[in-house]
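Asks: Just one file: upload37.cif, with mmCIF, C-alpha atoms and all ligand atoms.
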```cif
data_final
loop_
_atom_site.label_atom_id
_atom_site.label_comp_id
_atom_site.auth_asym_id
_atom_site.auth_seq_id
_atom_site.Cartn_x
_atom_site.Cartn_y
_atom_site.Cartn_z
CA MET A 109 48.98 -47.39 71.89
CA ILE A 110 45.85 -45.88 70.36
CA ASN A 111 43.41 -48.38 68.84
CA ASP A 112 42.47 -48.26 65.17
CA PHE A 113 39.32 -46.25 64.55
CA HIS A 114 37.19 -44.95 61.71
CA TYR A 115 37.49 -41.20 61.25
CA LEU A 116 34.33 -39.18 60.61
CA LYS A 117 34.68 -35.60 59.42
CA PRO A 118 31.32 -33.81 59.16
CA ALA A 119 31.13 -30.66 57.06
CA SER A 120 28.33 -29.04 59.05
CA LEU A 121 26.64 -29.17 62.45
CA LYS A 122 23.63 -30.94 60.94
CA GLU A 123 25.88 -33.62 59.48
CA ALA A 124 27.81 -33.94 62.76
CA LEU A 125 24.62 -34.54 64.76
CA ALA A 126 23.34 -37.07 62.19
CA MET A 127 26.64 -38.98 62.17
CA TYR A 128 26.76 -39.05 65.97
CA ALA A 129 23.20 -40.44 66.13
CA GLN A 130 24.07 -43.14 63.57
CA HIS A 131 27.20 -44.51 65.29
CA ASP A 132 26.88 -46.09 68.73
CA ASP A 133 30.53 -46.74 69.58
CA CYS A 134 31.59 -43.19 68.70
CA LYS A 135 33.45 -40.46 70.60
CA VAL A 136 33.60 -36.82 69.64
CA ILE A 137 37.03 -35.31 69.17
CA CYS A 138 37.59 -31.57 69.00
CA GLY A 139 41.02 -30.38 70.15
CA GLY A 140 41.98 -33.89 71.29
CA GLN A 141 43.94 -32.35 74.18
CA SER A 142 42.13 -34.51 76.74
CA LEU A 143 40.60 -37.30 74.64
CA LEU A 144 43.87 -38.48 73.09
CA ILE A 145 45.47 -38.84 76.53
CA VAL A 146 42.61 -41.08 77.65
CA MET A 147 42.82 -43.11 74.41
CA ARG A 148 46.60 -43.46 74.69
CA GLN A 149 46.13 -44.80 78.22
CA GLY A 150 43.76 -47.42 76.77
CA MET A 151 40.85 -46.22 78.89
CA LEU A 152 38.76 -45.55 75.78
CA ALA A 153 38.89 -47.39 72.46
CA PRO A 154 35.99 -46.14 70.33
CA GLU A 155 35.31 -47.61 66.90
CA TYR A 156 34.53 -44.16 65.47
CA LEU A 157 35.93 -40.70 66.12
CA LEU A 158 33.72 -37.81 65.08
CA ASP A 159 35.94 -34.78 64.46
CA ILE A 160 34.00 -31.54 64.99
CA LYS A 161 37.05 -29.27 65.04
CA HIS A 162 36.19 -27.78 61.65
CA VAL A 163 32.47 -27.29 62.18
CA LYS A 164 32.54 -23.56 61.57
CA GLU A 165 29.03 -22.88 62.90
CA LEU A 166 30.30 -23.68 66.41
CA SER A 167 33.29 -21.33 66.37
CA TYR A 168 32.36 -17.80 67.44
CA ILE A 169 32.49 -15.17 70.17
CA LYS A 170 29.53 -12.77 70.18
CA PHE A 171 28.70 -10.03 72.65
CA ASP A 172 25.63 -7.87 73.05
CA ASP A 173 25.08 -5.36 75.89
CA LYS A 174 21.67 -6.85 76.74
CA ASP A 175 22.16 -10.53 75.89
CA GLY A 176 25.74 -10.88 77.13
CA LEU A 177 28.39 -13.22 75.77
CA ARG A 178 27.94 -16.28 73.58
CA ILE A 179 30.88 -18.58 72.88
CA GLY A 180 30.57 -21.43 70.38
CA ALA A 181 31.74 -24.86 71.54
CA THR A 182 34.68 -25.21 69.13
CA THR A 183 36.15 -21.81 70.09
CA THR A 184 39.68 -22.38 71.36
CA HIS A 185 41.03 -21.30 74.73
CA ARG A 186 43.45 -19.03 72.90
CA GLU A 187 40.64 -17.25 71.03
CA ILE A 188 38.94 -16.51 74.35
CA GLU A 189 42.22 -15.32 75.85
CA LYS A 190 42.85 -13.00 72.90
CA SER A 191 39.32 -11.59 72.57
CA ASP A 192 39.19 -7.82 73.10
CA ILE A 193 35.52 -7.82 74.03
CA ILE A 194 36.01 -10.56 76.63
CA ALA A 195 39.02 -8.69 78.06
CA LYS A 196 36.84 -5.59 78.39
CA LYS A 197 33.63 -7.15 79.74
CA TYR A 198 34.81 -10.32 81.53
CA PRO A 199 38.52 -9.85 82.35
CA VAL A 200 38.43 -12.80 84.77
CA LEU A 201 37.92 -15.16 81.80
CA VAL A 202 41.07 -13.87 80.10
CA ALA A 203 43.09 -14.12 83.33
CA MET A 204 41.86 -17.71 83.79
CA GLU A 205 42.76 -18.69 80.22
CA GLN A 206 46.25 -17.21 80.53
CA LYS A 207 46.98 -19.78 83.26
CA LEU A 208 45.32 -22.73 81.52
CA ALA A 209 48.01 -25.11 80.26
CA SER A 210 50.57 -23.97 77.65
CA ILE A 211 49.96 -21.77 74.61
CA GLN A 212 50.20 -24.89 72.43
CA THR A 213 47.36 -26.57 74.35
CA ARG A 214 45.32 -23.36 74.40
CA ASN A 215 45.77 -23.00 70.64
CA TRP A 216 44.09 -26.33 70.02
CA GLY A 217 41.90 -27.16 73.05
CA THR A 218 38.34 -25.84 73.01
CA ILE A 219 35.88 -24.52 75.55
CA GLY A 220 33.27 -27.11 74.54
CA GLY A 221 35.78 -29.94 74.88
CA ASN A 222 36.93 -28.69 78.25
CA LEU A 223 33.39 -28.56 79.69
CA ALA A 224 32.32 -31.86 78.08
CA HIS A 225 35.39 -33.56 79.54
CA ALA A 226 34.13 -32.53 83.02
CA ASP A 227 37.46 -32.77 84.80
CA PRO A 228 36.75 -31.33 88.29
CA ALA A 229 40.15 -29.61 88.06
CA GLY A 230 39.27 -27.82 84.79
CA ASP A 231 39.71 -24.05 85.01
CA PRO A 232 36.84 -22.61 82.93
CA ALA A 233 33.90 -24.17 84.82
CA PRO A 234 34.35 -22.47 88.24
CA VAL A 235 34.76 -19.06 86.60
CA LEU A 236 31.84 -19.54 84.24
CA MET A 237 29.64 -20.75 87.11
CA ALA A 238 30.60 -17.70 89.16
CA LEU A 239 29.54 -15.62 86.13
CA LYS A 240 26.14 -17.46 86.05
CA ALA A 241 26.82 -19.10 82.70
CA ASN A 242 24.38 -21.36 80.89
CA ILE A 243 25.36 -24.22 78.62
CA LYS A 244 23.54 -25.30 75.47
CA PHE A 245 23.87 -28.86 74.23
CA GLY A 246 21.82 -30.81 71.78
CA ASN A 247 21.35 -33.73 69.41
CA GLU A 248 19.55 -34.45 66.15
CA LYS A 249 16.16 -34.03 67.81
CA GLY A 250 16.67 -30.70 69.56
CA ASP A 251 18.65 -28.81 72.14
CA ASN A 252 18.62 -28.03 75.83
CA THR A 253 19.94 -25.06 77.80
CA MET A 254 20.67 -25.21 81.53
CA PRO A 255 22.70 -23.35 84.12
CA LEU A 256 26.26 -24.68 84.08
CA ASP A 257 25.74 -25.30 87.85
CA GLU A 258 23.46 -28.21 86.88
CA PHE A 259 25.51 -29.68 84.01
CA PHE A 260 28.12 -31.69 85.93
CA VAL A 261 27.05 -34.99 87.47
CA ASP A 262 30.21 -36.73 88.71
CA TYR A 263 33.90 -37.11 87.89
CA PHE A 264 34.14 -36.78 84.08
CA GLU A 265 30.36 -37.10 83.72
CA THR A 266 27.77 -34.56 82.57
CA LYS A 267 24.03 -34.47 81.89
CA MET A 268 24.70 -35.15 78.18
CA ASP A 269 23.68 -38.45 76.56
CA HIS A 270 25.16 -40.22 73.56
CA GLY A 271 24.38 -38.10 70.51
CA ASP A 272 24.61 -34.80 72.40
CA LEU A 273 27.13 -32.12 71.48
CA VAL A 274 28.00 -29.06 73.54
CA LEU A 275 26.90 -26.20 71.30
CA GLU A 276 27.38 -22.94 73.20
CA VAL A 277 28.20 -21.25 76.48
CA HIS A 278 26.19 -18.17 77.36
CA VAL A 279 27.29 -15.66 80.00
CA PRO A 280 24.75 -12.98 81.02
CA ALA A 281 25.67 -9.32 80.59
CA PRO A 282 27.73 -8.02 83.51
CA GLU A 283 25.68 -6.36 86.26
CA PRO A 284 26.57 -2.96 87.73
CA LYS A 285 28.80 -3.03 90.81
CA PHE A 286 30.10 -6.50 89.99
CA GLY A 287 33.51 -8.13 90.45
CA CYS A 288 34.82 -11.63 89.84
CA ALA A 289 38.17 -13.26 90.62
CA TYR A 290 39.72 -16.71 90.20
CA GLN A 291 42.88 -18.39 91.37
CA LYS A 292 44.14 -21.93 91.24
CA PHE A 293 46.82 -23.34 93.49
CA ASN A 294 49.44 -25.35 91.65
CA LEU A 295 53.14 -26.07 91.93
CA LEU A 296 53.99 -25.62 88.25
CA ASP A 297 52.70 -22.48 86.56
CA SER A 298 49.80 -23.24 84.18
CA ASP A 299 49.43 -26.80 85.45
CA MET A 300 46.02 -28.18 86.48
CA GLY A 301 44.96 -26.77 89.84
CA ILE A 302 45.49 -28.83 92.99
CA VAL A 303 42.50 -26.80 94.14
CA ALA A 304 40.94 -23.56 92.89
CA ALA A 305 38.35 -20.95 93.87
CA ALA A 306 36.28 -18.44 91.92
CA ALA A 307 34.28 -15.71 93.66
CA ALA A 308 31.83 -13.16 92.29
CA VAL A 309 30.38 -10.26 94.28
CA THR A 310 27.55 -7.89 93.31
CA LEU A 311 26.95 -4.86 95.53
CA ASN A 312 23.78 -2.88 96.21
CA ALA A 313 23.79 0.91 95.78
CA ASP A 314 24.37 1.27 99.56
CA GLY A 315 27.51 -0.91 99.33
CA THR A 316 26.00 -4.02 100.96
CA CYS A 317 26.28 -7.40 99.29
CA LYS A 318 23.46 -8.07 96.83
CA GLU A 319 24.81 -11.47 95.83
CA ALA A 320 27.94 -13.57 96.23
CA ARG A 321 28.83 -16.72 94.31
CA ILE A 322 31.69 -18.97 95.34
CA VAL A 323 32.72 -21.93 93.20
CA LEU A 324 35.46 -24.38 94.10
CA GLY A 325 37.56 -26.37 91.63
CA ASN A 326 39.03 -29.83 92.29
CA ALA A 327 37.30 -29.81 95.67
CA GLY A 328 34.97 -32.75 94.93
CA PRO A 329 33.65 -34.80 92.01
CA THR A 330 32.40 -31.72 90.16
CA PRO A 331 33.07 -27.98 90.27
CA MET A 332 30.92 -26.98 93.25
CA ARG A 333 29.16 -23.92 94.63
CA VAL A 334 29.44 -23.48 98.37
CA THR A 335 26.06 -22.00 99.12
CA LYS A 336 26.35 -21.78 102.92
CA ALA A 337 29.38 -19.53 102.50
CA GLU A 338 27.49 -17.50 99.86
CA ASP A 339 24.46 -17.08 102.14
CA LEU A 340 26.62 -15.77 104.96
CA LEU A 341 27.53 -12.72 102.86
CA LYS A 342 24.16 -11.76 101.36
CA GLY A 343 22.81 -8.38 102.58
CA LYS A 344 25.86 -7.64 104.72
CA LYS A 345 28.46 -4.91 104.66
CA LEU A 346 31.47 -6.98 103.59
CA ASP A 347 34.80 -6.93 105.43
CA ASP A 348 37.88 -9.07 106.04
CA LYS A 349 36.28 -10.84 108.99
CA LEU A 350 33.35 -12.02 106.85
CA PHE A 351 35.70 -13.11 104.04
CA ALA A 352 37.67 -15.21 106.55
CA GLU A 353 34.44 -16.74 107.94
CA ALA A 354 33.22 -17.52 104.42
CA GLY A 355 36.59 -19.13 103.66
CA GLN A 356 36.28 -21.32 106.74
CA ILE A 357 32.74 -22.40 105.77
CA ALA A 358 33.85 -23.09 102.18
CA SER A 359 36.68 -25.30 103.37
CA GLU A 360 34.17 -27.27 105.48
CA GLU A 361 31.60 -27.53 102.64
CA ALA A 362 34.23 -28.77 100.18
CA GLN A 363 34.57 -32.50 99.52
CA PRO A 364 38.23 -32.89 98.54
CA VAL A 365 40.04 -36.21 98.51
CA ALA A 366 43.72 -36.97 99.09
CA ASP A 367 45.95 -37.94 96.16
CA ILE A 368 49.66 -37.76 95.29
CA HIS A 369 49.47 -33.97 94.98
CA ALA A 370 47.97 -33.07 98.38
CA SER A 371 46.22 -34.44 101.44
CA GLU A 372 42.54 -33.75 102.08
CA GLU A 373 43.48 -31.52 105.02
CA HIS A 374 45.91 -29.44 102.96
CA ARG A 375 43.33 -29.03 100.19
CA ARG A 376 40.71 -27.83 102.70
CA HIS A 377 43.15 -25.33 104.14
CA VAL A 378 44.12 -23.89 100.74
CA LEU A 379 40.48 -23.75 99.61
CA GLY A 380 39.68 -21.62 102.66
CA VAL A 381 42.57 -19.26 101.94
CA LEU A 382 41.75 -18.95 98.22
CA THR A 383 38.05 -18.33 98.94
CA LYS A 384 38.89 -15.55 101.38
CA ARG A 385 41.33 -13.92 98.95
CA MET A 386 39.09 -14.21 95.88
CA LEU A 387 36.13 -12.74 97.77
CA LYS A 388 38.22 -9.76 98.80
CA LYS A 389 39.49 -9.28 95.26
CA ALA A 390 36.00 -9.56 93.76
CA PHE A 391 34.63 -7.15 96.39
CA GLU A 392 37.32 -4.54 95.63
CA GLN A 393 36.58 -4.82 91.91
CA ALA A 394 32.85 -4.42 92.58
CA GLN A 395 33.48 -1.29 94.67
CA LYS A 396 35.39 0.30 91.78
CA ALA A 397 32.96 -0.84 89.07
CA ALA A 398 30.37 1.47 87.54
C1 LIG B 401 49.40 -30.69 78.86
C2 LIG B 401 47.98 -30.29 79.13
C3 LIG B 401 47.72 -29.42 80.16
C4 LIG B 401 46.42 -29.03 80.44
N1 LIG B 401 46.20 -28.16 81.46
C5 LIG B 401 44.94 -27.72 81.70
C6 LIG B 401 44.69 -26.77 82.73
O1 LIG B 401 45.59 -26.28 83.41
N2 LIG B 401 43.39 -26.42 82.95
C7 LIG B 401 42.35 -26.93 82.20
O2 LIG B 401 41.21 -26.56 82.43
N3 LIG B 401 42.57 -27.82 81.21
C8 LIG B 401 43.83 -28.23 80.94
N4 LIG B 401 44.05 -29.14 79.94
C9 LIG B 401 42.90 -29.66 79.16
C10 LIG B 401 42.58 -28.69 78.02
O3 LIG B 401 41.87 -27.60 78.54
C11 LIG B 401 41.71 -29.29 76.91
O4 LIG B 401 41.72 -28.40 75.88
C12 LIG B 401 40.26 -29.53 77.20
O5 LIG B 401 40.08 -30.21 78.40
C13 LIG B 401 39.63 -30.41 76.15
O6 LIG B 401 39.36 -29.67 75.01
P1 LIG B 401 39.55 -30.34 73.61
O7 LIG B 401 38.88 -29.46 72.62
O8 LIG B 401 40.96 -30.69 73.36
O9 LIG B 401 38.64 -31.67 73.78
P2 LIG B 401 38.92 -33.18 73.36
O10 LIG B 401 40.14 -33.69 73.98
O11 LIG B 401 38.79 -33.31 71.87
O12 LIG B 401 37.63 -33.86 74.03
C14 LIG B 401 37.52 -33.96 75.43
C15 LIG B 401 36.22 -34.68 75.79
O13 LIG B 401 35.11 -33.89 75.43
C16 LIG B 401 34.31 -34.51 74.40
N5 LIG B 401 33.96 -33.41 73.51
C17 LIG B 401 34.79 -32.52 72.90
N6 LIG B 401 34.09 -31.54 72.32
C18 LIG B 401 32.77 -31.82 72.54
C19 LIG B 401 31.55 -31.18 72.19
N7 LIG B 401 31.49 -30.00 71.54
N8 LIG B 401 30.40 -31.77 72.58
C20 LIG B 401 30.40 -32.94 73.28
N9 LIG B 401 31.52 -33.58 73.64
C21 LIG B 401 32.69 -33.02 73.28
C22 LIG B 401 35.19 -35.60 73.81
O14 LIG B 401 34.42 -36.67 73.33
C23 LIG B 401 36.02 -36.00 75.03
O15 LIG B 401 35.27 -36.87 75.85
C24 LIG B 401 45.34 -29.54 79.65
C25 LIG B 401 45.61 -30.41 78.58
C26 LIG B 401 46.91 -30.78 78.32
C27 LIG B 401 47.18 -31.72 77.17
#
```
As a first step, turn the structure in this file into C-alpha cells.
Replies:
Amino acid sequence: MINDFHYLKPASLKEALAMYAQHDDCKVICGGQSLLIVMRQGMLAPEYLLDIKHVKELSYIKFDDKDGLRIGATTTHREIEKSDIIAKKYPVLVAMEQKLASIQTRNWGTIGGNLAHADPAGDPAPVLMALKANIKFGNEKGDNTMPLDEFFVDYFETKMDHGDLVLEVHVPAPEPKFGCAYQKFNLLDSDMGIVAAAAAVTLNADGTCKEARIVLGNAGPTPMRVTKAEDLLKGKKLDDKLFAEAGQIASEEAQPVADIHASEEHRRHVLGVLTKRMLKKAFEQAQKAA
C-alpha cells in the first residue's frame, strides 16, 4: 500500500527547486520506476511528492565536437537508446540502454532518476564512469559539478542533500584511438546485473595503452573503479595475458557480497571474466578507431 501524499507539480526548474527547498518531508519523483517500488514496499512514506517529469528544461540531448555530450536529467532511457548522435559517438551507451529493463521501463525511467537512486546494480553508472562523465546537481542556491566517480557514497546514497536535484550528465568528447565496452551478467535478459563490468581503453600513436578505465557494477556498495587493474595496463603493449591479469586483480579488488542470486566467490569469478573480455573488446575498438 502506498501512503497518501500531497502531489507537487512544478512548471519550471526554478519552481521545482523552490518547492523542494520549502518542503522537508518531500521526495522527488521522475519516472517513478524505482521510487514507487520502494514506496509500495513501505520503505518510504513521504508527505510530499515533487513530480519533475514535465520540467522541460531538464529534457535534452546535446552534442558538440569540443564539449562532448550533455544529457538533461529527465531524459528517458529510451531517448538515449534512440539518439542518432549517441549511437554515432558513444555506441556503448546505446548498447547498455538496450539491455536496461524492458522498453516500457525505458520509456518512462530517466537517467537522472537512475543515477540519483544509486543502485549499485544500475547499468548507466559504470559505463558513464568509464567514459569519464561528470554529473551536475543543484538546489535553489546554486549547483555543483563533479566526476561521477565521486558522486556515489554508499548503497542508494549519493553526495546530494535534501533540496538537490540531478540536473545534467556531461560526457567529454571521445578521444582518438578510444574504445569502450560494457556487459552485465544476468540470468534473465534485460534484468538487473548480478555483476557487471565496463572497460575503456585509449591507445597512444605507437599502440601502447595511454589510459584504461575499469568500472565494476554490483561489486560493492557503489559502482567502483578498480585502479590497481587500470594501473597494470598503463604504458604497456596490451595482450590477452595482460587482460587476464587485470581481470584477476579486478576480481580481488571488488567487494561483492553474497545474496540469493550468487555467492561472493561466484561474483568475483564472473567479474574477473567480464573485466578480461570487456578490456579486449575495448582494446579492439580502440585499434580500429580513428
Ligand atoms: C522492472 C524494472 C526493471 C529495471 N531494470 C533495470 C536494469 O536492468 N538496469 C537499471 O539500471 N535500472 C533498472 N531499473 C530501474 C530504472 O532504470 C529506473 O528508471 C531508474 O532507476 C529510476 O529512474 P526514474 O526516472 O524512474 O526515477 P524515480 O523512480 O522517479 O526516482 C528514483 C530515485 O531518484 C530520485 N530522483 C529522481 N529523479 C531525480 C532528480 N532529477 N534529482 C534528484 N533525485 C531524483 C527519487 O527521489 C528517487 O529516490 C528497472 C526498473 C524496473 C521497474
Asks: Given the choices A:Leu166, A:Leu144, A:Cys138, A:Leu256, which gets closest to Ser120 of chain A if the distance is worked out from all atoms listed in the file?
Replies: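 Among the listed residues, the smallest separation from Ser120 of chain A belongs to A:Leu166.
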Asks: So, with all atoms listed in the file as the atoms that count, which of A:Val323, A:Asn242, A:Ala390, A:Glu248 lies closest to Val309 of chain A?
Replies: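 That would be A:Ala390, the residue with the smallest distance to Val309 of chain A.
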Asks: May I ask you to write as a list in words all residues lying at most 6 Å from ligand LIG 401 (chain B), with all atoms listed in the file counted?
Replies: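 Those residues are Lys135, Val136, Ile137, Cys138, Gly139, Gly140, Gln141, Ser142, Leu143, Ala181, Leu208, Ala209, Thr213, Gly217, Thr218, Gly220, Gly221, Asn222, Ala224, His225, Gly230, Asp231, Pro232, Leu273, Val274, Leu275, Ser298, Asp299 and Met300 of chain A.
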Asks: Determine the nearest neighbour of Ala153 of chain A from the options A:Asp173, A:Glu123, A:Glu276, A:Asp112, counting only C-alpha atoms.
Replies: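 Among A:Asp173, A:Glu123, A:Glu276, A:Asp112, it is A:Asp112 that comes nearest to Ala153 of chain A.
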Asks: For Asn312 of chain A, which residue among A:Pro280, A:Gln395, A:Leu382, A:Ala370 is the nearest when counting all atoms listed in the file?
Replies: A:Gln395
Asks: With all atoms listed in the file as the atoms that count, which of A:Arg186, A:Lys349, A:Lys318, A:Lys174 lies nearest to Gly287 of chain A?
Replies: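 Of the candidates, the smallest distance to Gly287 of chain A is held by A:Lys318.
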Asks: Return the single residue from A:Asn111, A:Tyr156, A:Asn247, A:Ile193 that is closest to Ala129 of chain A, with distances computed using only C-alpha atoms.
Replies: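 Going through A:Asn111, A:Tyr156, A:Asn247, A:Ile193 one by one, the smallest distance to Ala129 of chain A is for A:Asn247.
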Asks: To one decimal place in Å, what is the distance between atom CA of Val378 of chain A and atom CA of Asn294 of chain A?
Replies: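 Going from atom CA of Val378 of chain A over to atom CA of Asn294 of chain A covers 10.6 Å.
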Asks: Figure out the distance between atom CA of Ile145 of chain A and atom CA of Thr184 of chain A, please, to one decimal in Å.
Replies: 18.2 Å
Asks: In Å, how far is it from atom CA of Lys190 of chain A to atom CA of Lys161 of chain A?
Replies: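 The value is 19.0 Å.
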Asks: Step by step: start from the point (27.2, -13.7, 82.8) in the file's coordinates, keep every protein, DNA or RNA residue that has an atom no farther than 8 Å from it, count all atoms listed in the file, and write the set as a PyMOL selection string.
Replies: chain A and resi 176-177+236+239-241+278-282
Asks: I want to know what sits within 7 Å of Ala320 of chain A, based on all atoms listed in the file, with residues of the same chain fewer than 4 positions away left out; could you give that as a PyMOL selection string?
Replies: chain A and resi 308-310+338+341-342
Asks: Identify, on the basis of all atoms listed in the file, every residue whose closest approach to Tyr115 of chain A does not exceed 10 Å; exclude the query and any residue fewer than 4 positions from it along the same chain; express the result as JSON, numbers by chain.
Replies: {"A": [134, 137, 155, 156, 157, 158, 159]}
Asks: Could you give me segment 141-156 of chain A completed to N, CA and C atoms, formatted as a PDB file, keeping the file's coordinate frame?
Replies:
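rebuild_27.pdb, written as the output of this step:
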```
ATOM      1  N   GLN A 141      42.955 -32.606  73.117  1.00  0.00           N
ATOM      2  CA  GLN A 141      43.940 -32.350  74.180  1.00  0.00           C
ATOM      3  C   GLN A 141      43.679 -33.205  75.428  1.00  0.00           C
ATOM      4  N   SER A 142      42.448 -33.620  75.617  1.00  0.00           N
ATOM      5  CA  SER A 142      42.130 -34.510  76.740  1.00  0.00           C
ATOM      6  C   SER A 142      41.799 -35.907  76.227  1.00  0.00           C
ATOM      7  N   LEU A 143      41.050 -35.985  75.125  1.00  0.00           N
ATOM      8  CA  LEU A 143      40.600 -37.300  74.640  1.00  0.00           C
ATOM      9  C   LEU A 143      41.781 -38.189  74.256  1.00  0.00           C
ATOM     10  N   LEU A 144      42.770 -37.637  73.571  1.00  0.00           N
ATOM     11  CA  LEU A 144      43.870 -38.480  73.090  1.00  0.00           C
ATOM     12  C   LEU A 144      44.682 -39.062  74.239  1.00  0.00           C
ATOM     13  N   ILE A 145      44.744 -38.323  75.353  1.00  0.00           N
ATOM     14  CA  ILE A 145      45.470 -38.840  76.530  1.00  0.00           C
ATOM     15  C   ILE A 145      44.732 -40.088  77.047  1.00  0.00           C
ATOM     16  N   VAL A 146      43.417 -39.961  77.143  1.00  0.00           N
ATOM     17  CA  VAL A 146      42.610 -41.080  77.650  1.00  0.00           C
ATOM     18  C   VAL A 146      42.701 -42.278  76.697  1.00  0.00           C
ATOM     19  N   MET A 147      42.718 -42.014  75.383  1.00  0.00           N
ATOM     20  CA  MET A 147      42.820 -43.110  74.410  1.00  0.00           C
ATOM     21  C   MET A 147      44.205 -43.746  74.455  1.00  0.00           C
ATOM     22  N   ARG A 148      45.226 -42.919  74.634  1.00  0.00           N
ATOM     23  CA  ARG A 148      46.600 -43.460  74.690  1.00  0.00           C
ATOM     24  C   ARG A 148      46.765 -44.339  75.928  1.00  0.00           C
ATOM     25  N   GLN A 149      46.048 -43.977  76.996  1.00  0.00           N
ATOM     26  CA  GLN A 149      46.130 -44.800  78.220  1.00  0.00           C
ATOM     27  C   GLN A 149      45.282 -46.068  78.101  1.00  0.00           C
ATOM     28  N   GLY A 150      44.570 -46.212  76.994  1.00  0.00           N
ATOM     29  CA  GLY A 150      43.760 -47.420  76.770  1.00  0.00           C
ATOM     30  C   GLY A 150      42.444 -47.415  77.543  1.00  0.00           C
ATOM     31  N   MET A 151      42.087 -46.270  78.120  1.00  0.00           N
ATOM     32  CA  MET A 151      40.850 -46.220  78.890  1.00  0.00           C
ATOM     33  C   MET A 151      39.619 -46.089  77.987  1.00  0.00           C
ATOM     34  N   LEU A 152      39.831 -45.632  76.777  1.00  0.00           N
ATOM     35  CA  LEU A 152      38.760 -45.550  75.780  1.00  0.00           C
ATOM     36  C   LEU A 152      39.301 -46.085  74.453  1.00  0.00           C
ATOM     37  N   ALA A 153      38.464 -46.864  73.767  1.00  0.00           N
ATOM     38  CA  ALA A 153      38.890 -47.390  72.460  1.00  0.00           C
ATOM     39  C   ALA A 153      37.690 -47.386  71.525  1.00  0.00           C
ATOM     40  N   PRO A 154      37.205 -46.193  71.160  1.00  0.00           N
ATOM     41  CA  PRO A 154      35.990 -46.140  70.330  1.00  0.00           C
ATOM     42  C   PRO A 154      36.248 -46.625  68.904  1.00  0.00           C
ATOM     43  N   GLU A 155      35.191 -47.140  68.287  1.00  0.00           N
ATOM     44  CA  GLU A 155      35.310 -47.610  66.900  1.00  0.00           C
ATOM     45  C   GLU A 155      35.327 -46.426  65.930  1.00  0.00           C
ATOM     46  N   TYR A 156      34.625 -45.354  66.333  1.00  0.00           N
ATOM     47  CA  TYR A 156      34.530 -44.160  65.470  1.00  0.00           C
ATOM     48  C   TYR A 156      34.960 -42.914  66.238  1.00  0.00           C
TER      49      TYR A 156
END
```
